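Asker: This structure is in structure tokens; I'll ask about it shortly.
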Number of protein chains: 2
Amino acid sequence: MNNFSITAAYTDLYQISMGQVYFLSGKANDKVVFDYFFRKIPYKGGYVVFAGLGTLLEVLQDFRFDNSDIEFLSSLKLHPDYLAELKKFRFRGDIFSVSEGEVVFPNEPIISVHGTMLEVQLAETMLLNLVNFQSLIATKAARIKQVAVSRILSDFGLRRAQGVGGYHATRAAIIGGFQSTSNVKAAMDLNIPVVGTMAHSYIQSFDDELQAFRTFAQHKPDNVVLLIDTYDTLRSGLPNAIKVAKEMEADGKRLKGIRLDSGDLAYLSRECRKMLNDAGLDYVTITVSNQLDEYVIKSLLDQSASIDIFGVGTSVVTGPPDAALDGVYKLAFAGGQPRIKLSDNPAKVTLPGVKTVYRALDTNSGKFAADTIALADEGLPKVMYHPSDPERSFRIDNFQLDGLRGKVMSQGAIIHNPLSLAAISAFATQRLSLLPDEHKRFENPHIYKVGLTESLIALRDKLRKQHKAK
Amino acid sequence: MNNFSITAAYTDLYQISMGQVYFLSGKANDKVVFDYFFRKIPYKGGYVVFAGLGTLLEVLQDFRFDNSDIEFLSSLKLHPDYLAELKKFRFRGDIFSVSEGEVVFPNEPIISVHGTMLEVQLAETMLLNLVNFQSLIATKAARIKQVAVSRILSDFGLRRAQGVGGYHATRAAIIGGFQSTSNVKAAMDLNIPVVGTMAHSYIQSFDDELQAFRTFAQHKPDNVVLLIDTYDTLRSGLPNAIKVAKEMEADGKRLKGIRLDSGDLAYLSRECRKMLNDAGLDYVTITVSNQLDEYVIKSLLDQSASIDIFGVGTSVVTGPPDAALDGVYKLAFAGGQPRIKLSDNPAKVTLPGVKTVYRALDTNSGKFAADTIALADEGLPKVMYHPSDPERSFRIDNFQLDGLRGKVMSQGAIIHNPLSLAAISAFATQRLSLLPDEHKRFENPHIYKVGLTESLIALRDKLRKQHKAK
């Protein structure tokens, strides 16, 4: 694959198969609503940063089968009338969604897709694929940002990304709080600051480290960052870097920084800072890289490491130890009726009907207090109830209640101009700042309250009874 | 992103920066060799299945900056002469590689890229990105195949894949031993059998499960697989499926299978098999899905689960608990000299020079016995030595020695017609069958021997001494 486009064939075959059955049985144009939500917060954490919406809307606006897709589908023994329908297929649904960058919690309908059965079903796989991944990565990036605080975070992960998934990983890392990337392609398309230093191979290709540094400083006009750990960090790399920095000063230029990629980063960074300052080079920054994640960064800073920039690779582009957000896309309304999916596991029973989400803000602290899932056509809720224990309720009429979702796509067209990535990232930072700290700690975070309204519970329980009666 | 192409801008900025320094300092056309190898086998396993080579060669054959890349690069204050060079840049190097699908081990130079400093450096990020990921996934798939033995494995993972990385995940899953995929796009481009069943939402969209099944059987001409766990697997789903299967028989058709996606899959599959057989439906297959990986599948089969097809999602497309293969790309030769990278960690010292790899086959058992890394210009080795303990040696002159690598690209052109994915997959299966079982077990696998020749050790130690003397 040199060229890749996300067409409507970016899906699971069963969507196409079900589509044929809907089409031939006269259900393809039934009005339906599907909800996107997740059940489990990754990293045993207390929040998820929602990301991927911008990509999703962009793809949906031009979602169709191209000629080669249709040619392939004709080989699958589809009914000719259905094939003709797929040929002219466009996504013309409406989408209600939480804003990209928002802090979200389990079971909330983050996105609801309204449209015909055929179009809403054909959008499923792509939606899940893009949003599950970007939300995982934005959440990981936000956790890293939480510990790095004001230090600069840069994505260095493309070489360890899951193939071309690295492209959207960079997008999501920025939403979660990273400031820059080494990924040229993503930087170019998404207008992200692009950064880079040098590889060990560059140093090795010279007979002499000092000569390698000098040559680099000579031929790179700005942002010269020297990698100092190829041979011996404190006895060779750093003294050579200081020598070159002084030569650059004599030349009216400034060394931007040094980078450490191995060894004891806490100790080495402190030593480097001291030696640089002693040489009058307090302006030279220290970048570190090498298997960093939120825990390593926290440990480095706890040891008073002197680091200005963290270059994070694998952990921010792939999000380990979790590999995926478990987001799902479930039918909530069809044929004029709310729909439910039962399960032996009560936590897996879906919430029926057309819904919305309110966030309660504590007007004293200005912080988030709780979210309430409500039916879209009921008024502002006053009380919310625990999803599985209706004896537990929580009054929300003393709080400021904000609707968390808005209409973002109308009949297949994006309603607002897309926000810049920088704006989405700023929004994420601002929203995270409103989430109380107890939900943000890494160890046993306090569970953020998400409740249901009385009407929603009543509807769910009524449908549950009806199905059990059958 | 709707459209995405892997151009030369699919890289880290530092490659472009180093390129400018090489270009302006007259080193851009120096002949160099870089080796691709990994250090650690994922999953605490005993082998890696090498994958991604076909994708890599296809991309490299047309590797260039397109107009929008050049436009973006001009905004980065690059030297105009260098920019002009990038504009006409093509990859024209030679590549020596192990065959795709081969079983490989740590520290072996799996791929060596020979060319000018500029072209070899500019290829690095893309090579690592594609090969690290596909090798991780092919390895995971092979482990799953190992326990599933003759049962069919199908990739159902696109919705949980790491964004568009899901495309190459499917490719690699097939190499590792999967037979089919739900991913329409990948199936179409890569000629993979595509399969699918139905979703819970399909059942929910009808008032009645039986009606949902009947409608499906009516409008899907073949390969009808009914999902039977939406309401109650044994009391509703299966009886309804049996009813429809009998109606299909009356109609001269056959139900292909049923699918289970929740509950106790071992118990349910056994019960379903019994009830199906009692109804004279022994030809109806049982597919299961839901959070499967090699350990869950092993446990199911240990419990005598009656399963024909496993639909595997997250675990095969993302490869947890590991997120990335740690493959690196290191300079081995430049400026007419072998090159080494030192490290405080002896395991991280690189192997210098132009090398190759031999595999010793035990002619009695026909199985793999050991691999030897040698200098390319020495003869067939007779003895190999432990990489860090030269006192430990292993005679290999009683074995059949096969060169493991061949030239696959000459001056930027692919030498052989690419193998089909099916052929690569068959090769992987065959090669894995030659690896003794003790290297394939999941718990503490026996470490496969990879040794060095005396000449390679001598070269490494000489260069190490030279650097330390400086």
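Ligands are numbered from 1 in the order shown, residues from 1 within each chain, and chains are lettered A, B, ... in the order they appear in the structure tokens.
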Quick one: residues within 8 Å of A:Thr230, only C-alpha atoms, excluding same-chain residues fewer than 4 positions away - as a ChimeraX atom specification?
Answerer: /A:200,203-204,237 /B:341-343
Asker: Excluding A:Phe23 and any residue of its chain fewer than 5 positions from it, enumerate the residues within 8 Å of it, using only C-alpha atoms, and give them as number ranges by chain.
Answerer: A: 28-29, 82, 118
Asker: Please produce a file of the residues just selected, as an mmCIF file, in the first residue's frame, where the atoms kept are N, CA and C atoms.
Answerer:
data_model
loop_
_atom_site.group_PDB
_atom_site.id
_atom_site.type_symbol
_atom_site.label_atom_id
_atom_site.label_comp_id
_atom_site.auth_asym_id
_atom_site.auth_seq_id
_atom_site.Cartn_x
_atom_site.Cartn_y
_atom_site.Cartn_z
ATOM 1 N N ALA A 28 -34.089 -0.768 4.966
ATOM 2 C CA ALA A 28 -32.871 0.038 4.819
ATOM 3 C C ALA A 28 -33.108 1.509 5.123
ATOM 4 N N ASN A 29 -34.335 1.988 4.895
ATOM 5 C CA ASN A 29 -34.606 3.405 5.139
ATOM 6 C C ASN A 29 -35.268 3.688 6.478
ATOM 7 N N TYR A 82 -29.167 -4.118 -4.802
ATOM 8 C CA TYR A 82 -28.443 -3.613 -3.629
ATOM 9 C C TYR A 82 -27.110 -3.006 -4.062
ATOM 10 N N LEU A 118 -29.403 1.746 6.856
ATOM 11 C CA LEU A 118 -28.272 1.397 5.989
ATOM 12 C C LEU A 118 -27.071 2.295 6.254
#
Asker: Between B:Phe91, B:Tyr43, B:Tyr267, B:Phe333, which is the closest to chain A once you count only C-alpha atoms?
Answerer: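 Of the candidates, the smallest distance to chain A is held by B:Phe333.
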Asker: Would you kindly return, as a ChimeraX atom specification, each protein, DNA or RNA residue with an atom no farther than 10 Å from any atom of A:Leu57, considering only C-alpha atoms and excluding same-chain residues fewer than 3 positions away?
Answerer: /A:52-54,60-63,95,127,408-409,412-415,418
Asker: Of the candidates B:Ile447, B:Val21, B:Ala187, B:Leu227, which one gets nearest to A:Ala9 if we count only C-alpha atoms?
Answerer: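 Once distances to A:Ala9 are computed over only C-alpha atoms, the minimum belongs to B:Ala187.
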Asker: List the spatial neighbours of B:Asn240 as a ChimeraX atom specification - criterion: any atom at most 12 Å away, only C-alpha atoms, same-chain residues fewer than 3 positions off excluded.
Answerer: /B:203,208-214,226-237,243-247,258,275-276
Asker: For the selection you just gave me, I'd like the residues written to a file as a PDB file, in the first residue's frame, keeping C-alpha atoms.
Answerer:
ATOM      1  CA  ILE B 203     -31.479  -8.772  15.809  1.00  0.00           C
ATOM      2  CA  ASP B 208     -38.635 -10.872  17.204  1.00  0.00           C
ATOM      3  CA  GLU B 209     -35.437 -12.928  16.975  1.00  0.00           C
ATOM      4  CA  LEU B 210     -36.964 -15.688  14.835  1.00  0.00           C
ATOM      5  CA  GLN B 211     -38.202 -13.137  12.347  1.00  0.00           C
ATOM      6  CA  ALA B 212     -34.725 -11.559  12.251  1.00  0.00           C
ATOM      7  CA  PHE B 213     -33.128 -14.943  11.472  1.00  0.00           C
ATOM      8  CA  ARG B 214     -35.733 -15.826   8.827  1.00  0.00           C
ATOM      9  CA  LEU B 226     -26.738 -16.519  12.813  1.00  0.00           C
ATOM     10  CA  LEU B 227     -25.704 -14.708  15.993  1.00  0.00           C
ATOM     11  CA  ILE B 228     -27.606 -16.499  18.749  1.00  0.00           C
ATOM     12  CA  ASP B 229     -26.750 -14.715  22.017  1.00  0.00           C
ATOM     13  CA  THR B 230     -28.779 -11.508  21.828  1.00  0.00           C
ATOM     14  CA  TYR B 231     -31.498 -12.591  24.287  1.00  0.00           C
ATOM     15  CA  ASP B 232     -30.943 -16.105  25.611  1.00  0.00           C
ATOM     16  CA  THR B 233     -28.518 -18.398  23.830  1.00  0.00           C
ATOM     17  CA  LEU B 234     -29.837 -21.850  24.657  1.00  0.00           C
ATOM     18  CA  ARG B 235     -33.511 -21.061  25.208  1.00  0.00           C
ATOM     19  CA  SER B 236     -34.107 -18.608  22.392  1.00  0.00           C
ATOM     20  CA  GLY B 237     -31.153 -18.116  20.016  1.00  0.00           C
ATOM     21  CA  LYS B 243     -35.932 -23.780  13.268  1.00  0.00           C
ATOM     22  CA  VAL B 244     -34.505 -21.589  10.496  1.00  0.00           C
ATOM     23  CA  ALA B 245     -31.940 -24.230   9.537  1.00  0.00           C
ATOM     24  CA  LYS B 246     -34.752 -26.744   9.076  1.00  0.00           C
ATOM     25  CA  GLU B 247     -36.745 -24.262   7.006  1.00  0.00           C
ATOM     26  CA  ILE B 258     -24.045 -20.002  14.357  1.00  0.00           C
ATOM     27  CA  MET B 275     -28.403 -29.732  20.201  1.00  0.00           C
ATOM     28  CA  LEU B 276     -27.400 -29.096  16.585  1.00  0.00           C
TER      29      LEU B 276
END
Asker: When DSSP works through the backbone of this structure, what residues of stretch 217-382 of chain A end up as strand (DSSP E), shown as a PDB file with C-alpha atoms, in the first residue's frame?
Answerer:
ATOM      1  CA  VAL A 225      20.290  19.785  19.278  1.00  0.00           C
ATOM      2  CA  LEU A 226      23.281  17.482  19.830  1.00  0.00           C
ATOM      3  CA  LEU A 227      22.895  13.834  20.865  1.00  0.00           C
ATOM      4  CA  GLY A 257      19.989  21.871  23.227  1.00  0.00           C
ATOM      5  CA  ILE A 258      21.450  18.480  23.996  1.00  0.00           C
ATOM      6  CA  ARG A 259      19.694  15.125  24.033  1.00  0.00           C
ATOM      7  CA  LEU A 260      20.197  12.112  26.302  1.00  0.00           C
ATOM      8  CA  THR A 285      17.915  22.893  26.830  1.00  0.00           C
ATOM      9  CA  ILE A 286      18.021  19.246  27.853  1.00  0.00           C
ATOM     10  CA  THR A 287      15.859  16.757  25.952  1.00  0.00           C
ATOM     11  CA  VAL A 288      15.600  13.161  27.083  1.00  0.00           C
ATOM     12  CA  ILE A 309      11.762  18.383  26.901  1.00  0.00           C
ATOM     13  CA  PHE A 310      10.564  14.779  26.995  1.00  0.00           C
ATOM     14  CA  GLY A 311      10.624  12.879  23.698  1.00  0.00           C
ATOM     15  CA  VAL A 312       8.066  10.100  24.122  1.00  0.00           C
ATOM     16  CA  VAL A 328     -19.060   0.154  21.165  1.00  0.00           C
ATOM     17  CA  TYR A 329     -21.877   1.329  18.901  1.00  0.00           C
ATOM     18  CA  LYS A 330     -25.297   0.141  19.969  1.00  0.00           C
ATOM     19  CA  LEU A 331     -28.792   0.466  18.566  1.00  0.00           C
ATOM     20  CA  ALA A 332     -30.939   2.735  20.766  1.00  0.00           C
ATOM     21  CA  PHE A 333     -33.917   3.463  18.530  1.00  0.00           C
ATOM     22  CA  ALA A 334     -35.452   1.835  15.424  1.00  0.00           C
ATOM     23  CA  GLN A 337     -39.347   2.383  19.122  1.00  0.00           C
ATOM     24  CA  PRO A 338     -36.577   2.614  21.691  1.00  0.00           C
ATOM     25  CA  LYS A 355     -30.683  10.433  24.898  1.00  0.00           C
ATOM     26  CA  THR A 356     -28.472  13.318  25.879  1.00  0.00           C
ATOM     27  CA  VAL A 357     -25.923  14.062  28.613  1.00  0.00           C
ATOM     28  CA  TYR A 358     -25.802  16.898  31.159  1.00  0.00           C
ATOM     29  CA  ARG A 359     -22.792  17.882  33.181  1.00  0.00           C
ATOM     30  CA  ALA A 360     -23.304  19.352  36.652  1.00  0.00           C
ATOM     31  CA  LEU A 361     -20.814  22.053  37.621  1.00  0.00           C
ATOM     32  CA  PHE A 368     -17.259  19.087  37.454  1.00  0.00           C
ATOM     33  CA  ALA A 369     -19.480  17.293  39.965  1.00  0.00           C
ATOM     34  CA  ALA A 370     -21.396  14.616  38.031  1.00  0.00           C
ATOM     35  CA  ASP A 371     -22.902  13.707  34.644  1.00  0.00           C
ATOM     36  CA  THR A 372     -26.490  12.700  34.017  1.00  0.00           C
ATOM     37  CA  ILE A 373     -27.733  10.678  31.073  1.00  0.00           C
ATOM     38  CA  ALA A 374     -31.292  11.722  30.226  1.00  0.00           C
ATOM     39  CA  LEU A 375     -33.865  11.169  27.516  1.00  0.00           C
TER      40      LEU A 375
END
Asker: Let's see if you can do this: from backbone DSSP, list all alpha helix (DSSP H) residues in stretch 80-290 of chain A, as a ChimeraX atom specification.
Answerer: /A:80-87,117-122,124-148,166-176,184-190,200-204,209-219,238-250,265-278
Asker: Of the candidates B:Asn398, B:Ser289, B:Asn417, B:Gln466, which shows the shortest atom-to-atom distance to chain A, using only C-alpha atoms?
Answerer: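 The answer is B:Gln466, which sits nearest to chain A.
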Asker: Name all residues at most 9 Å from B:Met126 (count only C-alpha atoms; drop same-chain ones fewer than 2 positions away) and give them as a list in words.
Answerer: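 The neighbour list is Leu158, Arg159 and Gly163 of chain A; Ile6, Ala8, Tyr10, Thr11, Asp12, Leu56, Val59, Leu122, Ala123, Glu124, Leu128, Asn129, Leu130 and Val131 of chain B.
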Asker: Write to file, as a PDB file, in the first residue's frame, the residues of the selection just made, with N, CA, C and O atoms.
Answerer:
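The file below, part-v4.pdb, is the result:
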ATOM      1  N   LEU A 158       6.903   7.559  15.750  1.00  0.00           N
ATOM      2  CA  LEU A 158       6.468   6.967  14.476  1.00  0.00           C
ATOM      3  C   LEU A 158       7.072   5.601  14.190  1.00  0.00           C
ATOM      4  O   LEU A 158       6.397   4.688  13.704  1.00  0.00           O
ATOM      5  N   ARG A 159       8.350   5.398  14.505  1.00  0.00           N
ATOM      6  CA  ARG A 159       9.004   4.119  14.178  1.00  0.00           C
ATOM      7  C   ARG A 159       8.454   2.938  14.962  1.00  0.00           C
ATOM      8  O   ARG A 159       8.678   1.802  14.572  1.00  0.00           O
ATOM      9  N   GLY A 163       2.046   0.658  12.477  1.00  0.00           N
ATOM     10  CA  GLY A 163       1.944   0.952  11.056  1.00  0.00           C
ATOM     11  C   GLY A 163       1.431   2.364  10.833  1.00  0.00           C
ATOM     12  O   GLY A 163       1.763   3.293  11.580  1.00  0.00           O
TER      13      GLY A 163
ATOM     14  N   ILE B   6       2.012   6.883   1.509  1.00  0.00           N
ATOM     15  CA  ILE B   6       3.306   6.787   2.167  1.00  0.00           C
ATOM     16  C   ILE B   6       4.348   7.345   1.223  1.00  0.00           C
ATOM     17  O   ILE B   6       4.854   6.645   0.359  1.00  0.00           O
ATOM     18  N   ALA B   8       7.979   9.920   0.947  1.00  0.00           N
ATOM     19  CA  ALA B   8       9.205  10.055   1.733  1.00  0.00           C
ATOM     20  C   ALA B   8       9.026  10.979   2.933  1.00  0.00           C
ATOM     21  O   ALA B   8       9.877  11.014   3.822  1.00  0.00           O
ATOM     22  N   TYR B  10       6.883  10.447   5.085  1.00  0.00           N
ATOM     23  CA  TYR B  10       6.470   9.551   6.178  1.00  0.00           C
ATOM     24  C   TYR B  10       7.736   9.209   6.952  1.00  0.00           C
ATOM     25  O   TYR B  10       8.273   8.108   6.859  1.00  0.00           O
ATOM     26  N   THR B  11       8.232  10.173   7.705  1.00  0.00           N
ATOM     27  CA  THR B  11       9.534  10.025   8.365  1.00  0.00           C
ATOM     28  C   THR B  11       9.619  10.940   9.575  1.00  0.00           C
ATOM     29  O   THR B  11       8.729  11.753   9.816  1.00  0.00           O
ATOM     30  N   ASP B  12      10.694  10.792  10.332  1.00  0.00           N
ATOM     31  CA  ASP B  12      10.989  11.725  11.420  1.00  0.00           C
ATOM     32  C   ASP B  12      11.803  12.891  10.872  1.00  0.00           C
ATOM     33  O   ASP B  12      12.692  12.696  10.032  1.00  0.00           O
ATOM     34  N   LEU B  56       7.169  -2.979   2.548  1.00  0.00           N
ATOM     35  CA  LEU B  56       8.358  -2.121   2.528  1.00  0.00           C
ATOM     36  C   LEU B  56       8.902  -1.952   1.112  1.00  0.00           C
ATOM     37  O   LEU B  56       9.178  -0.831   0.650  1.00  0.00           O
ATOM     38  N   VAL B  59       6.703   0.132  -1.145  1.00  0.00           N
ATOM     39  CA  VAL B  59       6.791   1.566  -0.842  1.00  0.00           C
ATOM     40  C   VAL B  59       8.124   2.126  -1.326  1.00  0.00           C
ATOM     41  O   VAL B  59       8.180   3.189  -1.949  1.00  0.00           O
ATOM     42  N   LEU B 122      17.007   8.265   4.853  1.00  0.00           N
ATOM     43  CA  LEU B 122      15.620   8.701   4.632  1.00  0.00           C
ATOM     44  C   LEU B 122      14.633   7.539   4.660  1.00  0.00           C
ATOM     45  O   LEU B 122      13.439   7.729   4.847  1.00  0.00           O
ATOM     46  N   ALA B 123      15.122   6.314   4.471  1.00  0.00           N
ATOM     47  CA  ALA B 123      14.225   5.151   4.488  1.00  0.00           C
ATOM     48  C   ALA B 123      13.977   4.616   5.898  1.00  0.00           C
ATOM     49  O   ALA B 123      13.086   3.786   6.111  1.00  0.00           O
ATOM     50  N   GLU B 124      14.756   5.076   6.876  1.00  0.00           N
ATOM     51  CA  GLU B 124      14.743   4.434   8.196  1.00  0.00           C
ATOM     52  C   GLU B 124      13.376   4.372   8.870  1.00  0.00           C
ATOM     53  O   GLU B 124      12.904   3.303   9.272  1.00  0.00           O
ATOM     54  N   LEU B 128      11.221   0.961   9.760  1.00  0.00           N
ATOM     55  CA  LEU B 128      10.965   0.516  11.135  1.00  0.00           C
ATOM     56  C   LEU B 128       9.470   0.457  11.414  1.00  0.00           C
ATOM     57  O   LEU B 128       8.967  -0.491  12.013  1.00  0.00           O
ATOM     58  N   ASN B 129       8.770   1.480  10.985  1.00  0.00           N
ATOM     59  CA  ASN B 129       7.333   1.543  11.250  1.00  0.00           C
ATOM     60  C   ASN B 129       6.594   0.343  10.665  1.00  0.00           C
ATOM     61  O   ASN B 129       5.796  -0.310  11.332  1.00  0.00           O
ATOM     62  N   LEU B 130       6.887   0.034   9.412  1.00  0.00           N
ATOM     63  CA  LEU B 130       6.142  -1.045   8.750  1.00  0.00           C
ATOM     64  C   LEU B 130       6.571  -2.422   9.235  1.00  0.00           C
ATOM     65  O   LEU B 130       5.738  -3.292   9.474  1.00  0.00           O
ATOM     66  N   VAL B 131       7.863  -2.632   9.383  1.00  0.00           N
ATOM     67  CA  VAL B 131       8.358  -3.974   9.702  1.00  0.00           C
ATOM     68  C   VAL B 131       8.181  -4.302  11.183  1.00  0.00           C
ATOM     69  O   VAL B 131       7.793  -5.422  11.542  1.00  0.00           O
TER      70      VAL B 131
END
Asker: Pick out the residues sitting within 8 Å of B:Pro387, and hand them over as a ChimeraX atom specification; count only C-alpha atoms, and ignore anything fewer than 6 positions along from it in its own chain.
Answerer: /B:450-452,457
Asker: Produce a file of the selected residues containing N, CA, C and O atoms, as an mmCIF file, in the first residue's frame.
Answerer:
data_model
loop_
_atom_site.group_PDB
_atom_site.id
_atom_site.type_symbol
_atom_site.label_atom_id
_atom_site.label_comp_id
_atom_site.auth_asym_id
_atom_site.auth_seq_id
_atom_site.Cartn_x
_atom_site.Cartn_y
_atom_site.Cartn_z
ATOM 1 N N VAL B 450 21.879 -18.212 18.770
ATOM 2 C CA VAL B 450 22.368 -17.343 17.694
ATOM 3 C C VAL B 450 23.804 -16.988 18.046
ATOM 4 O O VAL B 450 24.046 -16.330 19.073
ATOM 5 N N GLY B 451 24.741 -17.426 17.234
ATOM 6 C CA GLY B 451 26.147 -17.184 17.533
ATOM 7 C C GLY B 451 26.823 -16.302 16.498
ATOM 8 O O GLY B 451 26.227 -15.947 15.476
ATOM 9 N N LEU B 452 28.073 -15.957 16.783
ATOM 10 C CA LEU B 452 28.858 -15.126 15.871
ATOM 11 C C LEU B 452 30.074 -15.925 15.407
ATOM 12 O O LEU B 452 30.554 -16.804 16.126
ATOM 13 N N ILE B 457 33.536 -11.529 15.719
ATOM 14 C CA ILE B 457 33.888 -11.162 17.098
ATOM 15 C C ILE B 457 35.187 -10.369 17.128
ATOM 16 O O ILE B 457 35.306 -9.353 17.820
#
Asker: Select, from B:Gly336, B:Pro390, B:Pro106, B:Gly101, the residue with the minimum atom-to-atom distance to B:Ala423, counting only C-alpha atoms.
Answerer: B:Gly101
Asker: May I ask which of the residues B:Thr139, B:Thr350, B:Ser112, B:Gln179 is the closest one to chain A, counting only C-alpha atoms?
Answerer: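 Checking each of B:Thr139, B:Thr350, B:Ser112, B:Gln179 against chain A, counting only C-alpha atoms, the winner is B:Thr350.
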Asker: Hey, can you check how far atom CA of B:His439 sits from atom CA of B:Ile174?
Answerer: 21.8 Å
Asker: Would you list the contacts of B:Asp189 as number ranges by chain, taking every protein, DNA or RNA residue within 12 Å and counting only C-alpha atoms, but skipping same-chain residues closer than 5 positions in sequence?
Answerer: A: 1-5, 9-10, 68-69, 71-72; B: 167-168, 170-171, 183-184, 194, 420-421
Asker: Based on the selection just made, write N, CA and C atoms of those residues as a PDB file, in the first residue's frame.
Answerer:
ATOM      1  N   MET A   1       0.816  -1.214   0.000  1.00  0.00           N
ATOM      2  CA  MET A   1       0.000   0.000   0.000  1.00  0.00           C
ATOM      3  C   MET A   1       0.849   1.264   0.000  1.00  0.00           C
ATOM      4  N   ASN A   2       0.837   1.971  -1.079  1.00  0.00           N
ATOM      5  CA  ASN A   2       1.422   3.312  -1.051  1.00  0.00           C
ATOM      6  C   ASN A   2       0.325   4.330  -0.831  1.00  0.00           C
ATOM      7  N   ASN A   3      -0.824   4.043  -1.407  1.00  0.00           N
ATOM      8  CA  ASN A   3      -1.942   4.966  -1.282  1.00  0.00           C
ATOM      9  C   ASN A   3      -3.087   4.296  -0.575  1.00  0.00           C
ATOM     10  N   PHE A   4      -3.731   5.046   0.246  1.00  0.00           N
ATOM     11  CA  PHE A   4      -4.756   4.468   1.088  1.00  0.00           C
ATOM     12  C   PHE A   4      -5.831   5.525   1.243  1.00  0.00           C
ATOM     13  N   SER A   5      -7.071   5.164   0.993  1.00  0.00           N
ATOM     14  CA  SER A   5      -8.118   6.125   1.280  1.00  0.00           C
ATOM     15  C   SER A   5      -9.199   5.443   2.098  1.00  0.00           C
ATOM     16  N   ALA A   9     -15.603   1.153   2.033  1.00  0.00           N
ATOM     17  CA  ALA A   9     -15.128  -0.236   2.131  1.00  0.00           C
ATOM     18  C   ALA A   9     -14.225  -0.438   3.344  1.00  0.00           C
ATOM     19  N   TYR A  10     -13.938   0.638   4.053  1.00  0.00           N
ATOM     20  CA  TYR A  10     -13.173   0.534   5.302  1.00  0.00           C
ATOM     21  C   TYR A  10     -14.157   0.072   6.377  1.00  0.00           C
ATOM     22  N   SER A  68     -13.287   0.957  -7.410  1.00  0.00           N
ATOM     23  CA  SER A  68     -12.666  -0.341  -7.144  1.00  0.00           C
ATOM     24  C   SER A  68     -13.397  -1.075  -6.020  1.00  0.00           C
ATOM     25  N   ASP A  69     -13.964  -0.328  -5.068  1.00  0.00           N
ATOM     26  CA  ASP A  69     -14.780  -0.970  -4.034  1.00  0.00           C
ATOM     27  C   ASP A  69     -15.977  -1.688  -4.675  1.00  0.00           C
ATOM     28  N   GLU A  71     -16.371  -2.671  -7.677  1.00  0.00           N
ATOM     29  CA  GLU A  71     -15.911  -3.814  -8.470  1.00  0.00           C
ATOM     30  C   GLU A  71     -15.677  -5.033  -7.560  1.00  0.00           C
ATOM     31  N   PHE A  72     -15.034  -4.790  -6.433  1.00  0.00           N
ATOM     32  CA  PHE A  72     -14.797  -5.885  -5.490  1.00  0.00           C
ATOM     33  C   PHE A  72     -16.118  -6.429  -4.941  1.00  0.00           C
TER      34      PHE A  72
ATOM     35  N   TYR B 167      -5.165  -1.910   8.739  1.00  0.00           N
ATOM     36  CA  TYR B 167      -4.990  -2.419   7.379  1.00  0.00           C
ATOM     37  C   TYR B 167      -3.820  -3.403   7.314  1.00  0.00           C
ATOM     38  N   HIS B 168      -2.664  -2.979   7.780  1.00  0.00           N
ATOM     39  CA  HIS B 168      -1.503  -3.869   7.757  1.00  0.00           C
ATOM     40  C   HIS B 168      -1.570  -4.939   8.838  1.00  0.00           C
ATOM     41  N   THR B 170      -4.163  -6.716   9.394  1.00  0.00           N
ATOM     42  CA  THR B 170      -4.816  -7.837   8.717  1.00  0.00           C
ATOM     43  C   THR B 170      -3.819  -8.583   7.836  1.00  0.00           C
ATOM     44  N   ARG B 171      -3.013  -7.846   7.104  1.00  0.00           N
ATOM     45  CA  ARG B 171      -1.992  -8.476   6.258  1.00  0.00           C
ATOM     46  C   ARG B 171      -1.095  -9.396   7.097  1.00  0.00           C
ATOM     47  N   ASN B 183     -12.309  -7.527   7.411  1.00  0.00           N
ATOM     48  CA  ASN B 183     -11.860  -6.213   6.922  1.00  0.00           C
ATOM     49  C   ASN B 183     -11.970  -6.155   5.387  1.00  0.00           C
ATOM     50  N   VAL B 184     -12.991  -5.506   4.897  1.00  0.00           N
ATOM     51  CA  VAL B 184     -13.287  -5.501   3.459  1.00  0.00           C
ATOM     52  C   VAL B 184     -12.156  -4.864   2.653  1.00  0.00           C
ATOM     53  N   VAL B 194     -12.855 -12.966   2.679  1.00  0.00           N
ATOM     54  CA  VAL B 194     -13.534 -12.031   3.573  1.00  0.00           C
ATOM     55  C   VAL B 194     -14.799 -12.690   4.120  1.00  0.00           C
ATOM     56  N   SER B 420       2.519 -14.038  -3.270  1.00  0.00           N
ATOM     57  CA  SER B 420       1.167 -13.784  -2.770  1.00  0.00           C
ATOM     58  C   SER B 420       1.186 -13.927  -1.256  1.00  0.00           C
ATOM     59  N   LEU B 421       0.205 -13.309  -0.617  1.00  0.00           N
ATOM     60  CA  LEU B 421       0.095 -13.396   0.831  1.00  0.00           C
ATOM     61  C   LEU B 421      -0.087 -14.848   1.253  1.00  0.00           C
TER      62      LEU B 421
END
Asker: From the list A:Phe37, A:Asp264, A:Ala199, A:Asn444, which residue is nearest A:Glu108 when using only C-alpha atoms?
Answerer: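 Going through A:Phe37, A:Asp264, A:Ala199, A:Asn444 one by one, the smallest distance to A:Glu108 is for A:Phe37.
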